[in-house]
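Novice: Just one file: structure-v1.cif, with mmCIF, C-alpha atoms and all ligand atoms.
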```cif
data_data
loop_
_atom_site.label_atom_id
_atom_site.label_comp_id
_atom_site.auth_asym_id
_atom_site.auth_seq_id
_atom_site.Cartn_x
_atom_site.Cartn_y
_atom_site.Cartn_z
CA MET A 1 -129.96 -103.95 -68.70
CA HIS A 2 -127.54 -101.36 -70.10
CA ALA A 3 -124.89 -100.10 -67.73
CA GLN A 4 -126.15 -96.55 -68.01
CA THR A 5 -129.76 -97.47 -67.21
CA ARG A 6 -128.53 -99.47 -64.28
CA HIS A 7 -126.54 -96.50 -63.08
CA GLN A 8 -129.68 -94.36 -63.18
CA PHE A 9 -131.59 -96.92 -61.14
CA THR A 10 -128.82 -97.01 -58.57
CA ASP A 11 -129.00 -93.23 -58.30
CA THR A 12 -132.77 -93.42 -57.84
CA LEU A 13 -132.43 -96.10 -55.18
CA ALA A 14 -129.90 -94.04 -53.24
CA LEU A 15 -132.52 -91.28 -53.15
CA THR A 16 -135.34 -93.57 -51.96
CA ARG A 17 -136.43 -93.86 -48.34
CA ASN A 18 -138.98 -96.51 -47.32
CA LEU A 19 -140.11 -95.26 -43.96
CA GLY A 20 -142.69 -95.97 -41.35
CA ILE A 21 -143.98 -93.93 -38.48
CA LEU A 22 -144.10 -95.88 -35.25
CA ALA A 23 -146.04 -94.78 -32.22
CA HIS A 24 -148.52 -95.81 -29.61
CA VAL A 25 -152.11 -94.69 -30.14
CA ASP A 26 -152.60 -90.95 -29.61
CA ALA A 27 -148.92 -89.94 -29.74
CA GLY A 28 -149.65 -88.18 -33.01
CA LYS A 29 -148.69 -90.62 -35.74
CA THR A 30 -151.65 -89.75 -37.97
CA THR A 31 -151.11 -86.02 -37.51
CA THR A 32 -147.36 -86.32 -38.18
CA THR A 33 -147.98 -88.40 -41.33
CA GLU A 34 -150.55 -85.93 -42.52
CA ARG A 35 -148.27 -82.93 -41.89
CA ILE A 36 -145.43 -84.66 -43.73
CA LEU A 37 -147.69 -85.13 -46.75
CA TYR A 38 -148.68 -81.50 -46.51
CA ALA A 39 -145.09 -80.23 -46.15
CA THR A 40 -143.94 -82.32 -49.11
CA GLY A 41 -146.75 -80.97 -51.26
CA ALA A 42 -148.49 -84.31 -51.59
CA THR A 43 -151.66 -82.75 -50.26
CA TYR A 44 -152.80 -79.22 -50.67
CA LYS A 45 -155.56 -79.22 -48.14
CA ARG A 46 -154.62 -79.86 -44.57
CA GLY A 47 -156.75 -82.61 -43.04
CA GLU A 48 -157.49 -82.80 -39.36
CA VAL A 49 -157.82 -85.98 -37.37
CA HIS A 50 -160.95 -84.85 -35.59
CA ASP A 51 -163.03 -84.14 -38.70
CA GLY A 52 -162.15 -87.40 -40.42
CA THR A 53 -160.44 -85.86 -43.45
CA THR A 54 -156.92 -87.06 -42.69
CA VAL A 55 -155.55 -88.36 -45.94
CA THR A 56 -153.90 -91.60 -44.83
CA ASP A 57 -157.03 -92.88 -43.18
CA PHE A 58 -158.80 -94.40 -46.19
CA ASP A 59 -161.11 -96.72 -44.39
CA PRO A 60 -164.47 -95.64 -42.92
CA GLN A 61 -164.14 -98.10 -40.04
CA GLU A 62 -160.82 -96.49 -39.24
CA ARG A 63 -162.34 -93.02 -39.28
CA ASP A 64 -165.13 -94.15 -37.01
CA ARG A 65 -162.76 -95.60 -34.49
CA GLY A 66 -160.39 -92.67 -34.70
CA ILE A 67 -157.36 -94.93 -34.65
CA THR A 68 -155.04 -95.98 -37.43
CA ILE A 69 -155.78 -99.64 -38.00
CA PHE A 70 -154.85 -100.45 -41.56
CA SER A 71 -151.54 -99.93 -43.33
CA ALA A 72 -151.35 -97.86 -46.46
CA ALA A 73 -148.28 -96.76 -48.37
CA VAL A 74 -148.08 -93.18 -49.59
CA SER A 75 -145.32 -91.67 -51.74
CA CYS A 76 -144.04 -88.11 -51.50
CA THR A 77 -140.84 -86.24 -52.34
CA TRP A 78 -138.53 -84.18 -50.17
CA ASP A 79 -135.25 -82.54 -51.17
CA GLY A 80 -134.88 -84.71 -54.27
CA HIS A 81 -135.68 -87.93 -52.40
CA ARG A 82 -138.68 -90.17 -52.87
CA ILE A 83 -140.14 -91.05 -49.52
CA ASN A 84 -142.50 -94.02 -49.41
CA LEU A 85 -144.34 -93.76 -46.11
CA ILE A 86 -145.72 -97.02 -44.88
CA ASP A 87 -148.37 -96.51 -42.26
CA THR A 88 -147.89 -98.95 -39.40
CA PRO A 89 -150.89 -99.64 -37.19
CA GLY A 90 -150.34 -98.43 -33.65
CA HIS A 91 -153.13 -100.35 -32.00
CA VAL A 92 -151.86 -103.24 -29.91
CA ASP A 93 -154.53 -105.65 -31.23
CA PHE A 94 -153.03 -105.38 -34.66
CA SER A 95 -149.44 -106.20 -33.86
CA ASP A 96 -149.29 -108.78 -36.68
CA GLU A 97 -149.98 -105.99 -39.07
CA VAL A 98 -147.33 -103.86 -37.39
CA GLU A 99 -144.84 -106.68 -37.85
CA ARG A 100 -145.79 -107.13 -41.49
CA SER A 101 -145.25 -103.46 -42.23
CA LEU A 102 -141.97 -103.47 -40.29
CA ARG A 103 -140.68 -106.07 -42.72
CA VAL A 104 -140.91 -103.75 -45.69
CA LEU A 105 -139.39 -100.65 -44.04
CA ASP A 106 -135.78 -99.57 -44.24
CA GLY A 107 -136.15 -97.01 -41.45
CA ALA A 108 -138.68 -95.41 -39.16
CA ILE A 109 -139.61 -92.28 -37.29
CA ALA A 110 -140.66 -93.14 -33.74
CA VAL A 111 -143.15 -90.57 -32.45
CA PHE A 112 -143.40 -89.99 -28.68
CA ASP A 113 -145.80 -87.88 -26.69
CA GLY A 114 -143.93 -84.92 -25.18
CA VAL A 115 -146.04 -85.08 -22.02
CA ALA A 116 -146.25 -88.85 -21.42
CA GLY A 117 -142.84 -89.84 -22.82
CA VAL A 118 -142.39 -93.55 -23.42
CA GLU A 119 -145.62 -95.43 -22.76
CA PRO A 120 -146.11 -99.22 -22.55
CA GLN A 121 -147.32 -99.41 -26.13
CA SER A 122 -144.45 -97.34 -27.49
CA GLU A 123 -142.21 -99.84 -25.75
CA SER A 124 -143.83 -102.85 -27.45
CA VAL A 125 -143.67 -101.25 -30.91
CA TRP A 126 -140.03 -100.36 -30.18
CA ARG A 127 -139.19 -103.99 -29.34
CA GLN A 128 -140.87 -105.18 -32.53
CA ALA A 129 -138.77 -102.73 -34.53
CA ASP A 130 -135.67 -104.03 -32.70
CA ARG A 131 -136.52 -107.56 -33.81
CA TYR A 132 -136.53 -106.45 -37.41
CA GLY A 133 -133.43 -104.29 -36.98
CA VAL A 134 -135.22 -101.18 -38.27
CA PRO A 135 -133.03 -98.06 -37.91
CA ARG A 136 -134.94 -95.23 -36.24
CA ILE A 137 -134.92 -91.55 -35.42
CA ALA A 138 -137.26 -90.09 -32.79
CA PHE A 139 -139.72 -87.20 -32.87
CA VAL A 140 -140.91 -85.96 -29.48
CA ASN A 141 -144.29 -84.49 -30.39
CA LYS A 142 -146.83 -82.22 -28.68
CA LEU A 143 -144.25 -79.87 -27.16
CA ASP A 144 -146.97 -77.19 -27.22
CA ARG A 145 -149.02 -79.05 -24.57
CA ALA A 146 -149.14 -78.14 -20.90
CA GLY A 147 -146.66 -80.38 -19.09
CA ALA A 148 -144.62 -81.17 -22.20
CA ASP A 149 -140.94 -81.58 -21.35
CA LEU A 150 -138.35 -82.69 -23.91
CA ASP A 151 -135.71 -83.51 -21.29
CA ALA A 152 -138.12 -85.72 -19.33
CA ALA A 153 -139.24 -87.50 -22.51
CA VAL A 154 -135.59 -88.04 -23.49
CA ALA A 155 -134.82 -89.44 -20.02
CA SER A 156 -137.69 -91.92 -20.40
CA ILE A 157 -136.36 -92.94 -23.84
CA ARG A 158 -132.95 -93.61 -22.25
CA ASP A 159 -134.35 -95.47 -19.24
CA ARG A 160 -137.12 -97.50 -20.81
CA LEU A 161 -135.79 -98.22 -24.28
CA GLY A 162 -132.15 -98.65 -23.30
CA VAL A 163 -130.83 -96.58 -26.19
CA THR A 164 -128.57 -93.52 -26.04
CA PRO A 165 -130.56 -90.46 -27.13
CA LEU A 166 -128.65 -87.96 -29.28
CA VAL A 167 -130.71 -84.78 -29.03
CA VAL A 168 -129.99 -82.54 -32.02
CA GLN A 169 -132.33 -79.66 -31.14
CA LEU A 170 -132.93 -77.34 -28.20
CA PRO A 171 -136.54 -76.13 -27.93
CA ILE A 172 -137.12 -72.38 -27.82
CA GLY A 173 -139.85 -71.66 -25.27
CA ARG A 174 -142.07 -74.10 -23.41
CA GLU A 175 -145.65 -75.30 -23.78
CA SER A 176 -147.83 -72.63 -25.42
CA GLY A 177 -144.67 -70.47 -25.71
CA PHE A 178 -142.87 -73.17 -27.77
CA THR A 179 -141.94 -71.15 -30.84
CA GLY A 180 -138.95 -72.85 -32.41
CA VAL A 181 -135.79 -74.90 -31.99
CA VAL A 182 -132.06 -74.37 -32.08
CA ASP A 183 -130.53 -76.76 -34.61
CA LEU A 184 -127.49 -77.94 -32.65
CA LEU A 185 -125.63 -79.12 -35.75
CA ARG A 186 -125.86 -75.85 -37.66
CA MET A 187 -126.07 -73.68 -34.56
CA ARG A 188 -128.96 -71.76 -36.08
CA SER A 189 -132.43 -71.15 -34.74
CA LEU A 190 -135.59 -72.12 -36.61
CA THR A 191 -138.64 -70.21 -35.50
CA TRP A 192 -142.14 -70.79 -36.73
CA VAL A 193 -144.13 -67.95 -38.09
CA GLU A 194 -147.58 -67.60 -36.55
CA GLY A 195 -150.41 -68.02 -39.04
CA ARG A 196 -148.09 -69.06 -41.86
CA ASP A 197 -146.46 -72.30 -42.93
CA GLY A 198 -142.70 -72.63 -42.81
CA TYR A 199 -140.09 -71.18 -40.49
CA THR A 200 -137.48 -68.47 -40.24
CA ASP A 201 -133.81 -69.44 -40.09
CA GLY A 202 -131.82 -67.07 -37.85
CA PRO A 203 -128.98 -66.83 -35.35
CA VAL A 204 -129.24 -68.50 -31.96
CA PRO A 205 -130.92 -66.07 -29.52
CA ASP A 206 -128.36 -64.58 -27.08
CA GLU A 207 -130.12 -65.92 -24.01
CA LEU A 208 -129.90 -69.50 -25.36
CA ARG A 209 -126.37 -69.34 -26.74
CA GLU A 210 -124.64 -70.72 -23.64
CA GLU A 211 -127.09 -73.57 -23.22
CA ALA A 212 -127.00 -74.41 -26.93
CA GLU A 213 -123.18 -74.56 -26.83
CA ARG A 214 -123.26 -76.75 -23.74
CA ARG A 215 -125.74 -79.12 -25.36
CA ARG A 216 -123.77 -79.24 -28.57
CA ARG A 217 -120.66 -80.20 -26.62
CA ALA A 218 -122.62 -82.92 -24.84
CA LEU A 219 -123.82 -84.19 -28.23
CA ASP A 220 -120.26 -84.24 -29.63
CA GLU A 221 -119.05 -86.10 -26.56
CA ALA A 222 -121.86 -88.67 -26.68
CA VAL A 223 -121.17 -89.28 -30.37
CA ALA A 224 -117.40 -89.55 -29.79
CA GLU A 225 -118.02 -92.13 -27.09
CA LEU A 226 -120.41 -94.24 -29.18
CA HIS A 227 -118.42 -93.99 -32.39
CA PRO A 228 -114.77 -93.60 -31.39
CA GLY A 229 -113.37 -93.81 -34.93
CA ALA A 230 -115.56 -91.08 -36.35
CA LEU A 231 -114.56 -88.14 -34.24
CA ASP A 232 -110.83 -88.53 -33.76
CA GLU A 233 -110.33 -84.99 -34.87
CA PHE A 234 -112.75 -83.86 -32.24
CA CYS A 235 -110.59 -85.23 -29.46
CA LEU A 236 -107.69 -83.20 -30.78
CA ARG A 237 -109.48 -80.00 -31.73
CA ALA A 238 -112.39 -80.01 -29.27
CA SER A 239 -114.75 -78.92 -32.03
CA VAL A 240 -116.48 -80.99 -34.68
CA ASP A 241 -117.65 -79.65 -38.01
CA GLU A 242 -121.27 -80.17 -38.98
CA ALA A 243 -120.60 -82.61 -41.84
CA THR A 244 -118.43 -84.90 -39.69
CA LEU A 245 -121.01 -84.92 -36.94
CA ALA A 246 -123.85 -85.61 -39.41
CA ALA A 247 -121.91 -88.54 -40.93
CA ALA A 248 -121.32 -90.00 -37.46
CA LEU A 249 -125.01 -89.59 -36.58
CA ARG A 250 -125.93 -91.41 -39.78
CA ASP A 251 -123.64 -94.32 -38.89
CA LEU A 252 -125.03 -94.49 -35.34
CA THR A 253 -128.61 -94.44 -36.65
CA ARG A 254 -127.95 -97.25 -39.08
CA THR A 255 -126.30 -99.49 -36.49
CA GLY A 256 -128.84 -98.55 -33.82
CA ALA A 257 -126.05 -97.56 -31.41
CA GLY A 258 -127.63 -94.15 -30.83
CA LEU A 259 -130.98 -92.48 -31.40
CA VAL A 260 -131.19 -89.05 -33.03
CA VAL A 261 -133.97 -87.12 -31.28
CA LEU A 262 -135.90 -84.16 -32.73
CA CYS A 263 -138.93 -82.40 -31.36
CA GLY A 264 -141.94 -80.38 -32.43
CA SER A 265 -145.66 -80.05 -32.50
CA ALA A 266 -147.15 -81.89 -35.44
CA TYR A 267 -150.56 -80.43 -34.80
CA HIS A 268 -149.23 -76.88 -35.22
CA ASN A 269 -147.05 -77.94 -38.14
CA ARG A 270 -143.89 -77.25 -36.15
CA GLY A 271 -140.73 -79.26 -36.61
CA ILE A 272 -141.87 -81.20 -39.68
CA GLU A 273 -139.30 -79.83 -42.16
CA PRO A 274 -136.29 -80.51 -39.90
CA LEU A 275 -137.72 -83.99 -39.27
CA LEU A 276 -137.84 -84.67 -43.01
CA ASP A 277 -134.27 -83.35 -43.39
CA ALA A 278 -133.13 -85.72 -40.65
CA ALA A 279 -135.04 -88.67 -42.16
CA VAL A 280 -133.28 -88.33 -45.52
CA ALA A 281 -129.90 -87.55 -43.91
CA TYR A 282 -129.76 -90.36 -41.35
CA LEU A 283 -132.12 -93.18 -42.34
CA PRO A 284 -130.92 -95.72 -44.92
CA SER A 285 -131.83 -96.19 -48.57
CA PRO A 286 -132.68 -99.64 -50.01
CA LEU A 287 -129.04 -99.86 -51.13
CA ASP A 288 -127.81 -99.58 -47.55
CA VAL A 289 -129.64 -102.62 -46.24
CA PRO A 290 -128.60 -106.27 -46.72
CA ALA A 291 -129.89 -108.35 -49.63
CA VAL A 292 -133.23 -110.01 -48.94
CA GLU A 293 -133.15 -113.68 -47.93
CA GLY A 294 -135.66 -116.18 -49.28
CA ILE A 295 -136.05 -119.91 -49.94
CA ARG A 296 -135.67 -121.38 -53.42
CA ASP A 297 -136.28 -125.13 -53.86
CA GLY A 298 -135.73 -125.66 -50.15
CA GLU A 299 -132.42 -123.79 -50.09
CA PRO A 300 -131.76 -120.28 -48.79
CA GLU A 301 -131.08 -117.71 -51.48
CA SER A 302 -130.39 -114.00 -51.19
CA ARG A 303 -131.36 -111.47 -53.81
CA PRO A 304 -129.66 -108.10 -54.12
CA ALA A 305 -131.47 -104.78 -54.50
CA ASP A 306 -130.63 -104.89 -58.20
CA PRO A 307 -133.16 -104.06 -60.93
CA ALA A 308 -131.48 -106.62 -63.22
CA ALA A 309 -131.77 -109.55 -60.75
CA PRO A 310 -134.79 -111.90 -60.94
CA LEU A 311 -137.95 -110.37 -59.51
CA ALA A 312 -138.84 -110.92 -55.85
CA ALA A 313 -141.55 -108.75 -54.26
CA LEU A 314 -143.42 -109.14 -50.99
CA VAL A 315 -147.15 -108.34 -50.74
CA PHE A 316 -147.65 -106.49 -47.46
CA LYS A 317 -151.19 -105.23 -47.83
CA VAL A 318 -154.23 -105.83 -49.99
CA ASN A 319 -156.90 -103.15 -50.08
CA VAL A 320 -160.15 -103.43 -51.98
CA THR A 321 -161.00 -99.89 -53.12
CA ALA A 322 -162.99 -98.13 -55.81
CA THR A 323 -159.88 -98.43 -58.03
CA GLY A 324 -160.07 -102.22 -57.67
CA ARG A 325 -158.04 -104.73 -55.70
CA LEU A 326 -154.86 -102.85 -54.77
CA THR A 327 -151.97 -105.14 -53.90
CA PHE A 328 -149.25 -103.19 -52.07
CA LEU A 329 -145.82 -104.64 -52.49
CA ARG A 330 -142.21 -104.02 -51.85
CA VAL A 331 -139.94 -104.97 -54.70
CA TYR A 332 -136.76 -106.40 -53.17
CA SER A 333 -134.98 -107.45 -56.35
CA GLY A 334 -135.56 -107.19 -60.09
CA THR A 335 -138.18 -105.14 -61.90
CA ILE A 336 -141.94 -105.49 -62.05
CA GLU A 337 -143.48 -104.32 -65.31
CA LYS A 338 -146.91 -103.35 -66.47
CA SER A 339 -148.47 -106.23 -68.47
CA GLY A 340 -145.86 -108.61 -67.00
CA ILE A 341 -146.64 -112.09 -65.72
CA VAL A 342 -145.47 -112.94 -62.21
CA LEU A 343 -145.62 -116.11 -60.14
CA ASP A 344 -147.15 -116.23 -56.67
CA SER A 345 -144.64 -118.70 -55.26
CA GLY A 346 -146.92 -119.71 -52.38
CA THR A 347 -149.89 -120.81 -54.52
CA GLY A 348 -148.04 -121.62 -57.74
CA ARG A 349 -150.50 -119.36 -59.55
CA THR A 350 -149.40 -116.87 -62.18
CA GLU A 351 -150.86 -113.38 -62.07
CA ARG A 352 -150.88 -110.60 -64.64
CA ILE A 353 -149.88 -107.08 -63.62
CA ALA A 354 -152.46 -104.83 -65.29
CA ARG A 355 -151.37 -101.53 -63.74
CA ILE A 356 -148.67 -100.27 -61.41
CA LEU A 357 -149.64 -97.34 -59.20
CA ARG A 358 -147.75 -94.98 -57.02
CA VAL A 359 -150.20 -94.01 -54.32
CA GLN A 360 -150.04 -90.39 -53.28
CA ALA A 361 -152.15 -88.86 -50.60
CA ASP A 362 -154.94 -87.73 -52.85
CA ARG A 363 -154.31 -89.50 -56.13
CA HIS A 364 -152.69 -92.47 -57.88
CA THR A 365 -150.05 -92.07 -60.55
CA GLU A 366 -149.61 -94.89 -63.04
CA VAL A 367 -146.05 -96.02 -63.77
CA ALA A 368 -144.68 -98.50 -66.33
CA ARG A 369 -142.38 -100.34 -63.95
CA ALA A 370 -141.10 -100.45 -60.41
CA VAL A 371 -137.59 -101.58 -59.52
CA ALA A 372 -135.84 -103.17 -56.56
CA GLY A 373 -136.20 -101.02 -53.47
CA ASP A 374 -139.50 -99.45 -54.47
CA ILE A 375 -142.92 -99.68 -52.87
CA VAL A 376 -145.97 -99.54 -55.14
CA ALA A 377 -149.49 -100.88 -55.48
CA VAL A 378 -150.44 -103.11 -58.40
CA VAL A 379 -153.79 -103.88 -59.94
CA GLY A 380 -154.31 -107.22 -61.69
CA PRO A 381 -153.45 -109.95 -59.19
CA LYS A 382 -156.71 -111.59 -58.18
CA ALA A 383 -155.59 -114.00 -55.49
CA ALA A 384 -152.25 -112.85 -54.09
CA ARG A 385 -152.61 -112.35 -50.35
CA THR A 386 -150.73 -110.44 -47.74
CA GLY A 387 -147.46 -112.29 -47.16
CA ALA A 388 -147.27 -113.68 -50.73
CA THR A 389 -144.08 -113.43 -52.77
CA LEU A 390 -144.52 -112.37 -56.38
CA CYS A 391 -141.51 -113.46 -58.37
CA ALA A 392 -140.09 -114.23 -61.78
CA PRO A 393 -141.84 -117.43 -63.04
CA ASP A 394 -138.48 -119.01 -63.90
CA ALA A 395 -136.82 -118.10 -60.56
CA ALA A 396 -139.37 -118.90 -57.84
CA LEU A 397 -138.50 -117.60 -54.40
CA VAL A 398 -140.46 -117.64 -51.16
CA LEU A 399 -139.74 -114.66 -48.92
CA GLU A 400 -142.14 -115.58 -46.16
CA PRO A 401 -143.50 -119.08 -45.48
CA PRO A 402 -147.27 -119.22 -44.86
CA ASN A 403 -148.17 -118.36 -41.25
CA ALA A 404 -144.57 -117.54 -40.45
CA THR A 405 -144.02 -116.65 -36.84
CA GLU A 406 -140.38 -115.72 -37.27
CA PRO A 407 -139.32 -113.21 -39.91
CA VAL A 408 -137.58 -114.65 -42.93
CA VAL A 409 -137.12 -111.30 -44.58
CA SER A 410 -134.26 -109.39 -43.06
CA VAL A 411 -134.54 -105.70 -43.71
CA ALA A 412 -131.49 -104.38 -41.94
P1 LIG A 501 -152.25 -91.39 -33.46
O1 LIG A 501 -153.26 -92.19 -32.71
O2 LIG A 501 -150.86 -91.66 -32.98
O3 LIG A 501 -152.38 -91.51 -34.94
O4 LIG A 501 -152.48 -89.87 -33.03
P2 LIG A 501 -153.26 -88.68 -33.75
O5 LIG A 501 -152.42 -88.07 -34.80
O6 LIG A 501 -154.61 -89.15 -34.11
O7 LIG A 501 -153.31 -87.63 -32.55
C1 LIG A 501 -153.99 -87.92 -31.35
C2 LIG A 501 -154.56 -86.63 -30.77
O8 LIG A 501 -153.48 -85.77 -30.41
C3 LIG A 501 -155.41 -85.87 -31.79
O9 LIG A 501 -156.47 -85.28 -31.08
C4 LIG A 501 -154.47 -84.81 -32.32
O10 LIG A 501 -155.15 -83.63 -32.75
C5 LIG A 501 -153.61 -84.52 -31.08
N1 LIG A 501 -152.26 -84.05 -31.46
C6 LIG A 501 -151.43 -84.56 -32.40
N2 LIG A 501 -150.29 -83.84 -32.46
C7 LIG A 501 -150.40 -82.86 -31.54
C8 LIG A 501 -149.55 -81.78 -31.14
O11 LIG A 501 -148.45 -81.57 -31.66
N3 LIG A 501 -150.00 -80.98 -30.14
C9 LIG A 501 -151.22 -81.17 -29.55
N4 LIG A 501 -151.58 -80.34 -28.59
N5 LIG A 501 -152.05 -82.15 -29.93
C10 LIG A 501 -151.67 -82.99 -30.90
#
```
Could the structure of this file be written out as structure tokens, please?
Ligand code: GDP
Specialist:
Amino acid sequence: MHAQTRHQFTDTLALTRNLGILAHVDAGKTTTTERILYATGATYKRGEVHDGTTVTDFDPQERDRGITIFSAAVSCTWDGHRINLIDTPGHVDFSDEVERSLRVLDGAIAVFDGVAGVEPQSESVWRQADRYGVPRIAFVNKLDRAGADLDAAVASIRDRLGVTPLVVQLPIGRESGFTGVVDLLRMRSLTWVEGRDGYTDGPVPDELREEAERRRRALDEAVAELHPGALDEFCLRASVDEATLAAALRDLTRTGAGLVVLCGSAYHNRGIEPLLDAAVAYLPSPLDVPAVEGIRDGEPESRPADPAAPLAALVFKVNVTATGRLTFLRVYSGTIEKSGIVLDSGTGRTERIARILRVQADRHTEVARAVAGDIVAVVGPKAARTGATLCAPDAALVLEPPNATEPVVSVA
């Protein structure tokens, strides 16, 4: 591969985010996913969970049950970044599927209910994400509901999940009067416009200025304590600029030492844009995570997120749809090409890649190739199952042994 082409791929990878949305049933994962697709322009018609038109729920059984059972990967773009959203099942019966989807993520948005806070199921999904070392940010949803309380939800995150919350917004108004947030990094207020999409960016309201300043100081102090190197200047000057604070928050997110917390009401389309900004700012790209580990001829081998390395891709979902048998995979290293021949290292079978699809909310786009770090669906493989590794025929690698109980793929 020419140096220049490689450079372009590296740029693309730096602008890729493979994300999941983690939540217990009913916290609002489906609604949040759907609103993200709407805000990013991937869907033009807003679906609602209750009428069964939500775009990520492909499966009729899923619609009937009203819960998100099956994973699907959907691509969208935000601020020049490609976001591949991997839907992780929230139902406790399907925790194997949750674990499988956690393997292919580089980061996640954990959605909590603003009334209930951390619930037993959010705790179990959280622990699974810990096992896979998935960096997370949090979205406290449903702040419009009676009884919603960001501070109480944040306290339950601290107490039950044992992580230090770093709250970057101050809600404006409570419950049905929840009309916006103060962005504590920029010290600006974002207020949502009734009956319209989007928000207005303005100064912090006078009556909230003191509290916003107090909370910002508390945020600076929490960050300085968790990340002593990053905010040296702060200790001297007692004020931290936005870029320094954002860089420290990114580091803390990636190491898991702190949890950036945002809030909103997905149902009312409130807080989605700042959430997307935070996801691209703080969560890692495929270049920021360690090389994938696999087994080649009985020996461990790692493969870098490099388009020129031998191909290694993990199948994380197979869906039989009207388009045909869609095999969803994450490419960890190398490049997968249309009309290429790949080896399923588990079965020893070769498979032909007939088409490569980027799945958007309401359509598929065909692409000629997908490189390390990307998530796509392919048509062509007839037998490759969930958990299979598709690899270069002359460089067989197994990412996940059959019926693995312990993860072999390390994603962070
Ligand atoms: P999931 O099970 O986590 O995917 O949750 P859903 O997205 O299906 O949401 C569960 C229920 O909560 C649905 O009835 C949604 O309409 C409702 N819901 C989701 N977000 C909000 C919100 O921000 N405010 C309110 N009041 N209800 C919400």
Novice: One decimal, in Å: what's the spacing between atom CA of Glu34 of chain A and atom CA of Pro120 of chain A?
Specialist: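 Computing the Euclidean distance for atom CA of Glu34 of chain A and atom CA of Pro120 of chain A yields 24.4 Å.
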Novice: Taking all atoms listed in the file into account, list the residues no farther than 6 Å from ligand LIG 501 (chain A), as number ranges by chain.
Specialist: A: 23-31, 49, 67-68, 141-142, 144-145, 265-268
Novice: Please provide the set of residues having any atom within 8 Å of Phe178 of chain A, restricted to only C-alpha atoms, with same-chain residues fewer than 5 positions apart removed, written as a count of residues only.
Specialist: 5
Novice: Show me, as a list in words, the residues that have an atom within 6 Å of segment 341-353 of chain A when counting all atoms listed in the file, minus same-chain residues fewer than 2 positions from it.
Specialist: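 So the residues in contact are Lys338, Ser339, Arg355, Gly380, Pro381, Thr389, Leu390, Cys391, Ala392, Pro393, Ala396 and Val398 of chain A.
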Novice: So how many Å separate atom CA of Arg330 of chain A and atom CA of Ala110 of chain A, to one decimal?
Specialist: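 Atom CA of Arg330 of chain A sits 21.2 Å away from atom CA of Ala110 of chain A.
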Novice: Which is closest to Leu262 of chain A among A:Leu208, A:Val104, A:Leu185, A:Ala312, if we use all atoms listed in the file?
Specialist: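 Counting all atoms listed in the file, the residue closest to Leu262 of chain A is A:Leu185.
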Novice: Using all atoms listed in the file, which residues sit within 8 Å of Arg303 of chain A once same-chain residues fewer than 4 positions away are excluded, as an mmCIF file with C-alpha atoms, in the frame of the given file?
Specialist:
```cif
data_model
loop_
_atom_site.group_PDB
_atom_site.id
_atom_site.type_symbol
_atom_site.label_atom_id
_atom_site.label_comp_id
_atom_site.auth_asym_id
_atom_site.auth_seq_id
_atom_site.Cartn_x
_atom_site.Cartn_y
_atom_site.Cartn_z
ATOM 1 C CA ALA A 291 -129.890 -108.350 -49.630
ATOM 2 C CA VAL A 292 -133.230 -110.010 -48.940
ATOM 3 C CA GLU A 293 -133.150 -113.680 -47.930
ATOM 4 C CA GLY A 294 -135.660 -116.180 -49.280
ATOM 5 C CA ALA A 309 -131.770 -109.550 -60.750
ATOM 6 C CA PRO A 310 -134.790 -111.900 -60.940
ATOM 7 C CA ALA A 312 -138.840 -110.920 -55.850
ATOM 8 C CA TYR A 332 -136.760 -106.400 -53.170
ATOM 9 C CA SER A 333 -134.980 -107.450 -56.350
#
```
Novice: Which polymer residues have any atom within 8 Å of an atom of segment 135-140 of chain A, counting all atoms listed in the file, with same-chain residues fewer than 2 positions away left out, as a VMD selection string?
Specialist: chain A and resid 106 to 114 117 133 142 to 143 150 153 253 to 256 259 to 264 275 279 282 to 284 412
Novice: Go through A:Ile21, A:Val163, A:Cys76, A:Ala383 and flag the residue nearest Leu105 of chain A, using all atoms listed in the file for the distances.
Specialist: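 Of the candidates, the smallest distance to Leu105 of chain A is held by A:Ile21.
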Novice: Taking (-152.6, -105.7, -54.6) in the file's coordinates, which residues come within 9 Å, counting only C-alpha atoms, written as a PyMOL selection string?
Specialist: chain A and resi 315-320+324-329+377-386
Novice: In Å, with one decimal, what is the gap from atom CA of Gln121 of chain A to atom CA of Leu22 of chain A?
Specialist: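 About the pair atom CA of Gln121 of chain A and atom CA of Leu22 of chain A: they are 10.3 Å apart.
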